[in-house]
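Q: mmCIF, C-alpha atoms and all ligand atoms, saved as upload16.cif, coming up:
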data_data
loop_
_atom_site.label_atom_id
_atom_site.label_comp_id
_atom_site.auth_asym_id
_atom_site.auth_seq_id
_atom_site.Cartn_x
_atom_site.Cartn_y
_atom_site.Cartn_z
CA MET A 545 108.22 96.69 86.87
CA ALA A 546 110.20 94.69 89.41
CA SER A 547 110.26 90.93 89.06
CA GLU A 548 107.37 89.04 90.63
CA GLU A 549 109.78 87.64 93.18
CA PHE A 550 109.97 91.08 94.79
CA GLN A 551 106.25 91.80 94.78
CA PRO A 552 103.91 91.27 97.72
CA LEU A 553 100.76 89.19 97.21
CA GLN A 554 98.15 90.53 94.81
CA GLY A 555 96.00 93.20 96.41
CA MET A 556 98.58 93.90 99.11
CA SER A 557 101.16 96.69 99.17
CA ASP A 558 104.39 97.73 100.78
CA LEU A 559 103.82 101.11 102.36
CA SER A 560 107.00 103.17 102.24
CA SER A 561 108.54 106.59 101.83
CA PRO A 562 107.54 109.16 100.69
CA GLU A 563 103.85 108.21 101.10
CA ILE A 564 104.41 106.78 104.55
CA SER A 565 104.73 110.27 105.98
CA ILE A 566 101.07 110.92 105.06
CA TRP A 567 100.24 107.78 107.05
CA HIS A 568 102.23 109.11 110.00
CA ARG A 569 100.33 112.39 109.93
CA ILE A 570 96.99 110.55 109.76
CA GLU A 571 97.95 108.29 112.64
CA SER A 572 99.19 111.04 114.94
CA THR A 573 96.20 113.28 114.20
CA THR A 574 93.83 110.34 114.79
CA ARG A 575 95.37 109.57 118.18
CA ARG A 576 95.18 113.21 119.22
CA VAL A 577 91.63 113.89 118.01
CA PHE A 578 90.14 110.61 119.27
CA HIS A 579 91.75 111.20 122.65
CA LEU A 580 89.88 114.52 122.82
CA TYR A 581 86.65 112.51 122.72
CA GLY A 582 87.71 110.25 125.57
CA CYS A 583 88.76 107.27 123.45
CA GLU A 584 91.61 104.95 124.41
CA GLU A 585 93.40 102.73 121.92
CA VAL A 586 92.80 98.98 121.82
CA ARG A 587 94.93 96.61 119.73
CA THR A 588 93.08 93.35 119.23
CA PRO A 589 94.75 90.42 117.43
CA VAL A 590 94.69 90.31 113.64
CA LEU A 591 93.82 86.60 113.81
CA GLU A 592 90.70 85.43 115.68
CA LYS A 593 88.43 82.38 115.82
CA SER A 594 86.32 82.66 112.67
CA THR A 595 83.18 82.59 114.81
CA VAL A 596 84.10 86.01 116.24
CA PHE A 597 83.32 87.49 112.82
CA GLU A 598 80.63 85.05 111.69
CA ARG A 599 78.51 85.62 114.80
CA THR A 600 79.06 89.35 115.07
CA MET A 601 78.79 90.35 111.42
CA GLY A 602 76.10 87.84 110.48
CA ASP A 603 76.98 84.93 108.25
CA THR A 604 74.93 86.08 105.26
CA THR A 605 77.00 89.21 104.71
CA ASP A 606 79.20 89.30 101.63
CA VAL A 607 82.30 89.95 103.70
CA VAL A 608 81.81 86.77 105.73
CA GLN A 609 80.47 84.64 102.88
CA LYS A 610 82.84 85.56 100.13
CA GLU A 611 85.73 87.65 101.32
CA MET A 612 87.05 86.46 104.63
CA TYR A 613 90.42 84.72 104.79
CA VAL A 614 89.44 81.62 106.77
CA PHE A 615 91.68 78.65 107.34
CA GLU A 616 92.56 75.92 109.76
CA ASP A 617 95.64 76.59 111.83
CA ARG A 618 98.13 73.87 112.72
CA GLY A 619 95.95 72.76 115.60
CA GLY A 620 92.92 72.29 113.32
CA ARG A 621 91.17 75.40 114.71
CA ARG A 622 89.08 77.46 112.29
CA VAL A 623 90.57 80.94 112.35
CA ALA A 624 90.17 84.08 110.25
CA LEU A 625 92.14 87.21 109.47
CA ARG A 626 90.00 90.11 110.62
CA PRO A 627 88.02 91.68 107.78
CA GLU A 628 87.03 94.68 109.93
CA GLY A 629 87.69 96.02 113.41
CA THR A 630 84.35 96.03 115.22
CA ALA A 631 83.94 92.26 115.83
CA GLY A 632 87.26 91.85 117.66
CA VAL A 633 86.63 95.00 119.68
CA MET A 634 83.17 93.67 120.68
CA ARG A 635 84.73 90.41 121.85
CA TYR A 636 87.14 92.47 123.94
CA ILE A 637 84.39 94.76 125.31
CA ALA A 638 82.09 91.83 126.16
CA GLY A 639 85.00 90.33 128.11
CA LEU A 640 85.23 93.46 130.27
CA GLY A 641 81.75 92.83 131.70
CA GLN A 642 80.29 95.86 133.54
CA ASP A 643 83.50 97.83 132.99
CA GLY A 644 82.82 97.80 129.27
CA ASN A 645 79.42 99.46 129.56
CA ASP A 646 80.61 102.97 128.79
CA ALA A 647 83.97 102.22 127.17
CA ARG A 648 85.25 104.44 124.37
CA VAL A 649 87.95 102.84 122.27
CA TYR A 650 89.68 103.34 118.95
CA TYR A 651 91.86 101.18 116.75
CA ILE A 652 94.20 101.60 113.81
CA GLY A 653 95.43 98.63 111.82
CA PRO A 654 95.37 96.24 108.88
CA MET A 655 92.22 94.40 107.74
CA PHE A 656 91.99 91.56 105.20
CA ARG A 657 89.36 90.79 102.60
CA CYS A 658 89.93 88.41 99.72
CA GLU A 659 88.10 90.58 97.17
CA ARG A 660 88.88 91.02 93.50
CA PRO A 661 91.57 93.71 93.66
CA GLN A 662 90.74 96.95 91.83
CA ALA A 663 91.22 100.65 92.33
CA GLY A 664 90.21 101.40 95.93
CA ARG A 665 89.86 97.71 96.85
CA LYS A 666 92.81 95.95 98.39
CA ARG A 667 93.10 92.56 100.04
CA GLN A 668 95.13 94.02 102.87
CA PHE A 669 93.99 97.51 103.68
CA HIS A 670 93.94 99.62 106.82
CA GLN A 671 91.21 101.14 108.87
CA LEU A 672 91.07 103.57 111.72
CA GLY A 673 87.92 103.36 113.73
CA ALA A 674 86.24 103.96 117.06
CA GLU A 675 83.47 102.46 119.16
CA LEU A 676 81.53 104.48 121.73
CA ILE A 677 79.79 101.91 123.91
CA GLY A 678 76.43 102.77 125.48
CA PRO A 679 72.68 102.47 124.93
CA ALA A 680 70.87 104.13 122.03
CA ASN A 681 71.28 107.88 122.29
CA ALA A 682 71.02 110.31 119.40
CA ALA A 683 73.61 112.64 120.98
CA ALA A 684 76.17 109.81 121.11
CA ASP A 685 75.57 109.08 117.42
CA ALA A 686 76.07 112.76 116.60
CA GLU A 687 79.24 112.78 118.69
CA ALA A 688 80.64 109.79 116.78
CA ILE A 689 80.00 111.57 113.50
CA ALA A 690 81.48 114.82 114.87
CA MET A 691 84.61 112.97 115.88
CA GLN A 692 85.15 111.70 112.35
CA VAL A 693 84.41 115.10 110.85
CA GLN A 694 86.85 116.81 113.20
CA LEU A 695 89.52 114.31 112.19
CA LEU A 696 88.92 114.98 108.50
CA ARG A 697 88.88 118.74 109.02
CA GLU A 698 92.10 118.70 111.05
CA LEU A 699 93.76 116.62 108.37
CA GLY A 700 92.71 119.26 105.86
CA ALA A 701 90.29 117.11 103.82
CA ARG A 702 87.81 119.10 101.76
CA ASP A 703 84.76 118.18 99.71
CA PHE A 704 83.77 115.15 101.78
CA LYS A 705 80.08 114.48 102.29
CA VAL A 706 78.33 112.80 105.25
CA GLN A 707 75.31 110.72 104.19
CA LEU A 708 72.91 109.65 106.88
CA ASN A 709 70.05 107.20 107.26
CA THR A 710 68.40 104.98 109.84
CA ARG A 711 67.91 101.24 110.02
CA GLY A 712 65.30 101.67 112.73
CA LEU A 713 64.92 99.16 115.54
CA SER A 714 64.73 95.40 115.24
CA GLU A 715 60.96 95.76 115.66
CA ASP A 716 60.89 97.91 112.53
CA ARG A 717 62.93 95.44 110.61
CA GLU A 718 60.09 93.02 110.05
CA ALA A 719 57.85 95.77 108.66
CA VAL A 720 60.65 97.11 106.46
CA VAL A 721 61.49 93.67 105.09
CA LYS A 722 57.81 92.92 104.51
CA GLY A 723 57.22 96.27 102.83
CA LEU A 724 60.24 95.97 100.57
CA ARG A 725 59.47 92.36 99.72
CA ALA A 726 55.94 93.23 98.65
CA LEU A 727 57.37 95.81 96.25
CA LEU A 728 60.40 93.89 95.01
CA GLU A 729 59.16 90.30 94.73
CA PRO A 730 56.90 91.01 91.72
CA ARG A 731 59.89 92.54 89.94
CA ARG A 732 62.42 89.84 90.89
CA ALA A 733 63.28 88.95 87.30
CA GLU A 734 64.18 92.57 86.52
CA LEU A 735 66.87 92.64 89.24
CA GLY A 736 70.52 91.74 88.70
CA GLU A 737 71.64 88.24 89.64
CA ASP A 738 73.34 89.22 92.93
CA ASP A 739 70.32 91.27 93.95
CA GLN A 740 68.00 88.33 93.32
CA ARG A 741 70.11 86.37 95.77
CA ARG A 742 70.04 89.29 98.23
CA LEU A 743 66.28 89.41 97.90
CA ASP A 744 66.19 86.00 99.58
CA GLN A 745 69.07 86.36 101.99
CA ASN A 746 69.35 90.01 103.00
CA ILE A 747 66.78 92.14 101.27
CA LEU A 748 68.06 95.46 102.67
CA ARG A 749 71.25 95.01 100.71
CA VAL A 750 69.27 95.32 97.50
CA LEU A 751 68.83 99.00 98.38
CA ASP A 752 72.52 99.82 98.14
CA THR A 753 73.02 97.93 94.90
CA LYS A 754 75.46 99.27 92.33
CA ASP A 755 74.03 97.02 89.61
CA GLU A 756 72.78 99.09 86.65
CA LYS A 757 70.04 96.53 86.03
CA SER A 758 68.56 96.88 89.51
CA LEU A 759 69.05 100.61 89.99
CA PRO A 760 65.91 101.95 88.27
CA ILE A 761 63.72 99.63 90.36
CA VAL A 762 65.52 100.43 93.59
CA LYS A 763 65.38 104.16 92.94
CA SER A 764 61.63 103.97 92.53
CA LEU A 765 61.15 102.51 96.04
CA PRO A 766 59.87 104.72 98.86
CA PRO A 767 62.42 105.48 101.63
CA MET A 768 62.46 102.58 104.09
CA THR A 769 61.69 105.00 106.93
CA GLU A 770 58.12 104.88 105.62
CA PHE A 771 57.76 101.38 106.97
CA MET A 772 59.20 102.30 110.37
CA ALA A 773 57.62 103.37 113.64
CA GLU A 774 57.31 107.10 114.29
CA SER A 775 59.80 106.83 117.19
CA SER A 776 62.51 105.55 114.83
CA ARG A 777 61.97 108.46 112.47
CA ALA A 778 62.10 110.84 115.43
CA TYR A 779 65.42 109.34 116.57
CA LEU A 780 66.89 110.12 113.16
CA GLN A 781 65.57 113.67 113.37
CA ASP A 782 67.23 114.04 116.78
CA VAL A 783 70.57 113.01 115.33
CA VAL A 784 70.12 115.54 112.53
CA SER A 785 69.28 118.35 115.01
CA HIS A 786 72.29 117.53 117.20
CA LEU A 787 74.53 117.65 114.15
CA LYS A 788 73.05 120.96 113.12
CA ARG A 789 73.88 122.32 116.56
CA LEU A 790 77.48 121.20 115.99
CA GLU A 791 77.45 122.85 112.55
CA ILE A 792 78.00 119.59 110.72
CA ASP A 793 76.32 119.29 107.35
CA VAL A 794 74.76 115.97 106.46
CA VAL A 795 72.71 114.70 103.54
CA LEU A 796 69.90 112.23 104.16
CA ASN A 797 70.23 109.19 101.91
CA PRO A 798 67.21 106.88 102.31
CA ARG A 799 68.92 104.07 100.35
CA LEU A 800 71.94 103.84 102.62
CA VAL A 801 71.81 100.58 104.57
CA ARG A 802 75.44 99.51 105.27
CA GLY A 803 76.14 95.85 104.75
CA LEU A 804 76.02 94.36 108.20
CA ASP A 805 73.16 92.83 110.13
CA TYR A 806 74.03 94.32 113.49
CA TYR A 807 73.09 97.91 112.73
CA MET A 808 70.07 99.66 114.24
CA HIS A 809 69.01 103.32 114.17
CA THR A 810 71.68 105.63 112.75
CA VAL A 811 73.90 104.55 109.86
CA TRP A 812 76.15 106.81 107.83
CA GLU A 813 78.79 106.90 105.19
CA ILE A 814 81.31 109.57 104.29
CA THR A 815 82.14 109.91 100.62
CA HIS A 816 84.85 111.83 98.82
CA PRO A 817 84.84 112.76 95.12
CA ALA A 818 88.54 111.91 94.64
CA LEU A 819 87.81 108.21 95.16
CA GLY A 820 86.08 107.43 91.87
CA SER A 821 83.64 104.53 91.81
CA GLN A 822 84.67 103.28 95.29
CA ASP A 823 83.89 106.65 96.83
CA ALA A 824 83.22 105.56 100.42
CA LEU A 825 85.85 106.98 102.71
CA ALA A 826 84.22 105.78 105.90
CA GLY A 827 81.14 104.09 107.25
CA GLY A 828 79.54 103.76 110.61
CA GLY A 829 76.43 103.16 112.58
CA ARG A 830 74.72 102.25 115.81
CA TYR A 831 74.57 98.57 116.71
CA LYS A 832 73.49 95.99 119.21
CA ILE A 833 75.74 92.97 119.12
CA THR A 834 75.12 89.80 121.09
CA ILE A 835 78.14 87.80 122.15
CA GLY A 836 77.50 84.71 124.24
CA ASP A 837 75.13 85.85 126.97
CA ARG A 838 76.00 89.55 126.61
CA ALA A 839 74.60 92.27 124.40
CA VAL A 840 76.88 95.18 123.61
CA GLU A 841 75.28 98.41 122.40
CA GLY A 842 77.19 101.26 120.92
CA VAL A 843 77.96 103.42 117.95
CA GLY A 844 81.08 103.17 115.83
CA PHE A 845 82.72 103.77 112.52
CA ALA A 846 85.67 102.78 110.36
CA MET A 847 87.59 104.85 107.86
CA GLY A 848 89.63 103.32 105.06
CA MET A 849 93.16 104.68 105.39
CA GLU A 850 94.32 103.97 101.81
CA ARG A 851 91.32 105.94 100.58
CA LEU A 852 92.00 108.69 103.10
CA VAL A 853 95.58 108.98 101.78
CA THR A 854 94.21 109.30 98.23
CA ALA A 855 91.69 111.96 99.31
CA LEU A 856 94.33 113.98 101.18
CA GLN A 857 96.76 113.81 98.26
CA LYS A 858 94.01 115.22 96.08
CA ASP A 859 92.98 117.94 98.54
CA LEU A 860 96.41 118.97 99.82
CA GLY A 861 99.12 117.85 97.37
CA ASP A 862 102.56 117.92 99.03
CA ALA A 863 101.12 119.37 102.24
CA ALA A 864 99.44 115.99 102.91
CA ALA A 865 102.72 114.66 104.33
CA ALA A 866 103.95 115.09 107.89
CA PRO A 867 106.49 117.91 108.27
CA LYS A 868 110.03 116.60 108.10
CA LEU A 869 113.15 117.75 109.92
CA ALA A 870 115.73 119.37 107.67
CA LEU A 871 118.74 117.17 106.95
CA ILE A 872 122.27 118.30 107.79
CA TRP A 873 125.13 116.42 106.11
CA VAL A 874 128.55 116.29 107.75
CA VAL A 875 131.53 116.02 105.39
CA SER A 876 134.92 114.80 106.60
CA LEU A 877 138.23 115.64 104.94
CA GLY A 878 140.49 112.80 106.01
CA PRO A 879 140.31 110.02 108.62
CA ALA A 880 141.07 112.19 111.67
CA ALA A 881 138.18 114.52 110.80
CA PHE A 882 135.93 111.48 110.30
CA GLN A 883 136.63 110.31 113.86
CA GLU A 884 135.64 113.72 115.25
CA ASN A 885 132.67 114.08 112.91
CA PHE A 886 131.37 110.65 113.83
CA ARG A 887 131.08 111.93 117.37
CA LEU A 888 129.75 115.34 116.27
CA VAL A 889 126.89 113.68 114.39
CA GLN A 890 125.91 111.73 117.47
CA THR A 891 126.01 114.89 119.62
CA LEU A 892 123.84 116.74 117.13
CA ARG A 893 121.35 113.87 116.94
CA MET A 894 121.10 113.92 120.70
CA ARG A 895 120.16 117.60 120.39
CA GLY A 896 117.41 116.72 117.93
CA VAL A 897 119.23 117.58 114.71
CA ARG A 898 118.64 115.16 111.85
CA CYS A 899 122.02 114.52 110.27
CA GLY A 900 124.11 112.04 108.40
CA LEU A 901 127.66 111.44 107.19
CA ASP A 902 129.57 109.18 104.86
CA LEU A 903 130.82 106.07 106.66
CA ALA A 904 132.97 104.73 103.81
CA GLY A 905 135.82 107.27 103.71
CA ARG A 906 134.97 108.55 100.24
CA SER A 907 136.30 111.68 98.52
CA MET A 908 134.95 115.14 99.36
CA LYS A 909 133.31 115.29 95.92
CA ALA A 910 131.52 111.97 96.53
CA GLN A 911 130.42 113.16 99.98
CA MET A 912 129.01 116.40 98.55
CA ARG A 913 127.15 114.40 95.91
CA ALA A 914 125.71 112.17 98.64
CA ALA A 915 124.58 115.28 100.55
CA ASP A 916 122.84 116.53 97.46
CA ARG A 917 121.18 113.19 96.75
CA ALA A 918 119.94 112.94 100.32
CA GLY A 919 118.38 116.40 100.00
CA ALA A 920 120.53 118.06 102.67
CA THR A 921 119.59 121.63 103.61
CA ALA A 922 123.11 122.40 104.79
CA VAL A 923 126.50 120.75 104.97
CA ILE A 924 129.10 120.99 107.74
CA ILE A 925 132.63 120.48 106.39
CA ARG A 926 135.58 119.73 108.62
CA GLY A 927 139.19 118.74 107.84
CA ASP A 928 142.55 119.00 109.62
CA THR A 929 142.72 122.80 109.09
CA GLU A 930 139.31 123.39 110.62
CA MET A 931 140.09 121.12 113.55
CA GLU A 932 143.30 123.05 114.25
CA LYS A 933 141.38 126.34 114.17
CA GLY A 934 138.47 124.89 116.15
CA VAL A 935 135.90 125.85 113.49
CA PHE A 936 133.41 124.30 111.06
CA VAL A 937 132.62 125.33 107.52
CA PHE A 938 128.86 125.68 107.20
CA LYS A 939 127.51 125.56 103.66
CA ASP A 940 123.92 126.55 102.94
CA MET A 941 122.88 124.28 100.05
CA ALA A 942 120.17 126.61 98.76
CA THR A 943 122.38 129.69 98.38
CA GLY A 944 125.78 127.98 98.16
CA THR A 945 127.27 130.44 100.72
CA GLN A 946 129.95 129.11 103.04
CA THR A 947 130.66 130.50 106.51
CA GLU A 948 133.28 129.57 109.08
CA LEU A 949 131.64 129.10 112.47
CA ALA A 950 132.80 128.15 115.94
CA MET A 951 130.74 125.58 117.88
CA PRO A 952 128.34 128.03 119.64
CA GLU A 953 127.53 129.81 116.37
CA LEU A 954 127.16 126.50 114.60
CA LEU A 955 124.58 125.35 117.13
CA GLU A 956 122.74 128.64 116.87
CA ARG A 957 122.72 128.38 113.11
CA LEU A 958 121.40 124.81 113.24
CA GLN A 959 118.55 125.94 115.48
CA SER A 960 117.39 128.30 112.77
CA VAL A 961 117.35 125.65 110.00
CA ASN A 962 116.15 122.73 112.05
CA LEU A 963 112.50 122.47 111.01
CA VAL A 964 111.11 122.65 107.54
CA ALA A 965 107.52 122.12 106.49
P1 LIG B 1001 83.09 98.97 105.49
O1 LIG B 1001 82.90 98.71 106.93
O2 LIG B 1001 83.18 97.76 104.63
O3 LIG B 1001 82.16 100.00 104.93
O4 LIG B 1001 84.54 99.64 105.41
C1 LIG B 1001 84.80 100.91 105.94
C2 LIG B 1001 85.77 101.63 105.05
O5 LIG B 1001 86.94 100.83 104.84
C3 LIG B 1001 85.23 101.86 103.64
O6 LIG B 1001 84.47 103.03 103.60
C4 LIG B 1001 86.50 101.98 102.85
O7 LIG B 1001 87.04 103.29 102.98
C5 LIG B 1001 87.44 101.01 103.54
N1 LIG B 1001 87.50 99.72 102.83
C6 LIG B 1001 86.64 98.68 102.91
N2 LIG B 1001 87.04 97.66 102.13
C7 LIG B 1001 88.19 98.05 101.55
C8 LIG B 1001 89.10 97.42 100.64
N3 LIG B 1001 88.93 96.19 100.19
N4 LIG B 1001 90.19 98.14 100.25
C9 LIG B 1001 90.40 99.39 100.71
N5 LIG B 1001 89.58 100.02 101.58
C10 LIG B 1001 88.49 99.37 101.98
#
Output the file's structure as structure tokens, nothing else.
Ligand code: AMP
A:
Amino acid sequence: MASEEFQPLQGMSDLSSPEISIWHRIESTTRRVFHLYGCEEVRTPVLEKSTVFERTMGDTTDVVQKEMYVFEDRGGRRVALRPEGTAGVMRYIAGLGQDGNDARVYYIGPMFRCERPQAGRKRQFHQLGAELIGPANAAADAEAIAMQVQLLRELGARDFKVQLNTRGLSEDREAVVKGLRALLEPRRAELGEDDQRRLDQNILRVLDTKDEKSLPIVKSLPPMTEFMAESSRAYLQDVVSHLKRLEIDVVLNPRLVRGLDYYMHTVWEITHPALGSQDALAGGGRYKITIGDRAVEGVGFAMGMERLVTALQKDLGDAAAAPKLALIWVVSLGPAAFQENFRLVQTLRMRGVRCGLDLAGRSMKAQMRAADRAGATAVIIRGDTEMEKGVFVFKDMATGTQTELAMPELLERLQSVNLVA
């Protein structure tokens, strides 16, 4: 364990090789797939006025109440590190006016929540997400889910499960809250402490409790769709039929509510068995968010990238990483050869060959060791003799065979070893 001095803050991590190549593959696949659905990237600031999140996410949500990094900046302004991506994107979309009405955007980046760190819960984590702006439309909701499923399939994830539910419309909300309250209030004392608080502040959240004490009561409740208007139930059925048409399997989960106040109609979560107790890989839903004098409607989702990395490692092993170029090491026997090789390496790099050489004038043995340590696929050796003859010694590291090659053959040979999976 390295000394504390070299550690990042608790709940935050340095992301580096070799794992970083899984991140690269996720990012490039995300950009490609989301582009297929007409989404453009938006990069909103990591730091915003705290009201951007408080107003959008609702100030009774756990994330806003307990987890947001909020502080005063040097000018005495109340600012917050973004705990999720949607609020900043909504501020951006609202600012576009009419042009934002049918925008499709995606984002990839770090989010911050000051939670108790544990497996699957970091204080700095990363999300990729998208928002498809537009009025309530079951086909759009199905498309948003399809987009996420295509991403997961293209990345090679297996065993993930899409769980679906509806929050109904705001008109339904009153009936749902009333219905749930009538059933839960008499049993208040039997609920866990947090759920008793939620009963007063945000009763829907009681439904997705993880508290063992509350679970038996919550499981005995009827699905909240029972309290909703027929049209809201029909909307959910439409989403399900669209998904069926796209051959996407979903499971209806009547207790799924998602934590935020802004959801209406469709909500969903994608789970993966590799994630243990924090098994949510992604969450999404349809929303109507009011910012100033504007209301933005749309459907969106966010996927936790740390959790996605874990799921892909489980499903794919080594194949989770992005393919890497093979490494060619160039060994110089003597200073004159180094001068020529220094240029050779540059020429090769300009032709797309990944290569390296020793810059410190060390012995041939030390250079060969370095090649080995760096995982070189092949080594090119050149000294005074080779320069006089105008050749290169090409050593295949896997077989140990050495061949003398002139420049054209060398280039041909490099073509054949250039890419490895
Ligand atoms: P949420 O909007 O809170 O449901 O977050 C969407 C996704 O982000 C979740 O399904 C997780 O995959 C991921 N996520 C949320 N919070 C954290 C966290 N503290 N650490 C790591 N991933 C997280």
Q: Might you pull out every residue within 10 Å of Val840 (chain A), with only C-alpha atoms counted and same-chain residues fewer than 4 positions away left off, and present them as a list in words?
A: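 Here the qualifying residues turn out to be Met634, Arg635, Ile637, Ala638, Gly641, Gly644, Asn645, Ile677, Gly678, Pro679, Tyr831, Lys832, Ile833, Thr834 and Ile835 of chain A.
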Q: Residues as selected, C-alpha atoms, written as a PDB file, in the coordinates of the input, can you do that?
A:
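File produced: again12.pdb:
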ATOM      1  CA  MET A 634      83.170  93.670 120.680  1.00  0.00           C
ATOM      2  CA  ARG A 635      84.730  90.410 121.850  1.00  0.00           C
ATOM      3  CA  ILE A 637      84.390  94.760 125.310  1.00  0.00           C
ATOM      4  CA  ALA A 638      82.090  91.830 126.160  1.00  0.00           C
ATOM      5  CA  GLY A 641      81.750  92.830 131.700  1.00  0.00           C
ATOM      6  CA  GLY A 644      82.820  97.800 129.270  1.00  0.00           C
ATOM      7  CA  ASN A 645      79.420  99.460 129.560  1.00  0.00           C
ATOM      8  CA  ILE A 677      79.790 101.910 123.910  1.00  0.00           C
ATOM      9  CA  GLY A 678      76.430 102.770 125.480  1.00  0.00           C
ATOM     10  CA  PRO A 679      72.680 102.470 124.930  1.00  0.00           C
ATOM     11  CA  TYR A 831      74.570  98.570 116.710  1.00  0.00           C
ATOM     12  CA  LYS A 832      73.490  95.990 119.210  1.00  0.00           C
ATOM     13  CA  ILE A 833      75.740  92.970 119.120  1.00  0.00           C
ATOM     14  CA  THR A 834      75.120  89.800 121.090  1.00  0.00           C
ATOM     15  CA  ILE A 835      78.140  87.800 122.150  1.00  0.00           C
TER      16      ILE A 835
END
Q: With only C-alpha atoms and all ligand atoms counted, collect every polymer residue having an atom within 8 Å of ligand LIG 1001 (chain B); state the result as a PyMOL selection string.
A: chain A and resi 607+628+656-659+661+664-671+802-803+813-815+822-828+845-852
Q: Go through A:Val608, A:Leu708, A:Leu765, A:Ala881 one by one, measure the shortest atom-to-atom distance of each to Arg731 (chain A) using only C-alpha atoms, and give the residue with the smallest value.
A: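 The answer is A:Leu765, which sits nearest to Arg731 (chain A).
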Q: State, in Å with one decimal place, the distance from CA of Asp744 (chain A) to CA of Met768 (chain A).
A: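 We find that CA of Asp744 (chain A) and CA of Met768 (chain A) lie 17.6 Å from each other.
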Q: What does the structure give for the distance between CA of Glu930 (chain A) and CA of Glu948 (chain A), in Å to one decimal?
A: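 Between CA of Glu930 (chain A) and CA of Glu948 (chain A) the gap works out to 8.8 Å.
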Q: Which is closest to Glu956 (chain A) among A:Arg895, A:Arg830, A:Arg575, A:Lys788, if we use only C-alpha atoms?
A: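 Of A:Arg895, A:Arg830, A:Arg575, A:Lys788, the one nearest Glu956 (chain A), counting only C-alpha atoms, is A:Arg895.
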Q: Report, in Å to a single decimal, how far apart CA of Leu780 (chain A) and CA of Ile792 (chain A) are.
A: 14.8 Å
Q: Tell me, as a PyMOL selection string, which residues lie within 9 Å of Val935 (chain A), counting only C-alpha atoms; anything in the same chain fewer than 3 positions away does not count.
A: chain A and resi 926+929-932+948-951+954
Q: Under the rule that all atoms listed in the file are counted, which of A:Asp793, A:Asp716, A:Asp738, A:Glu770 is the nearest residue to Val693 (chain A)?
A: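 Looking only at the distances to Val693 (chain A), the closest residue turns out to be A:Asp793.
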Q: Residues at most 9 Å from Glu675 (chain A), counting only C-alpha atoms, excluding those fewer than 5 positions away in the same chain, as JSON, numbers by chain?
A: {"A": [583, 630, 633, 634, 647, 648, 649, 650, 651, 688, 842, 843, 844, 845]}
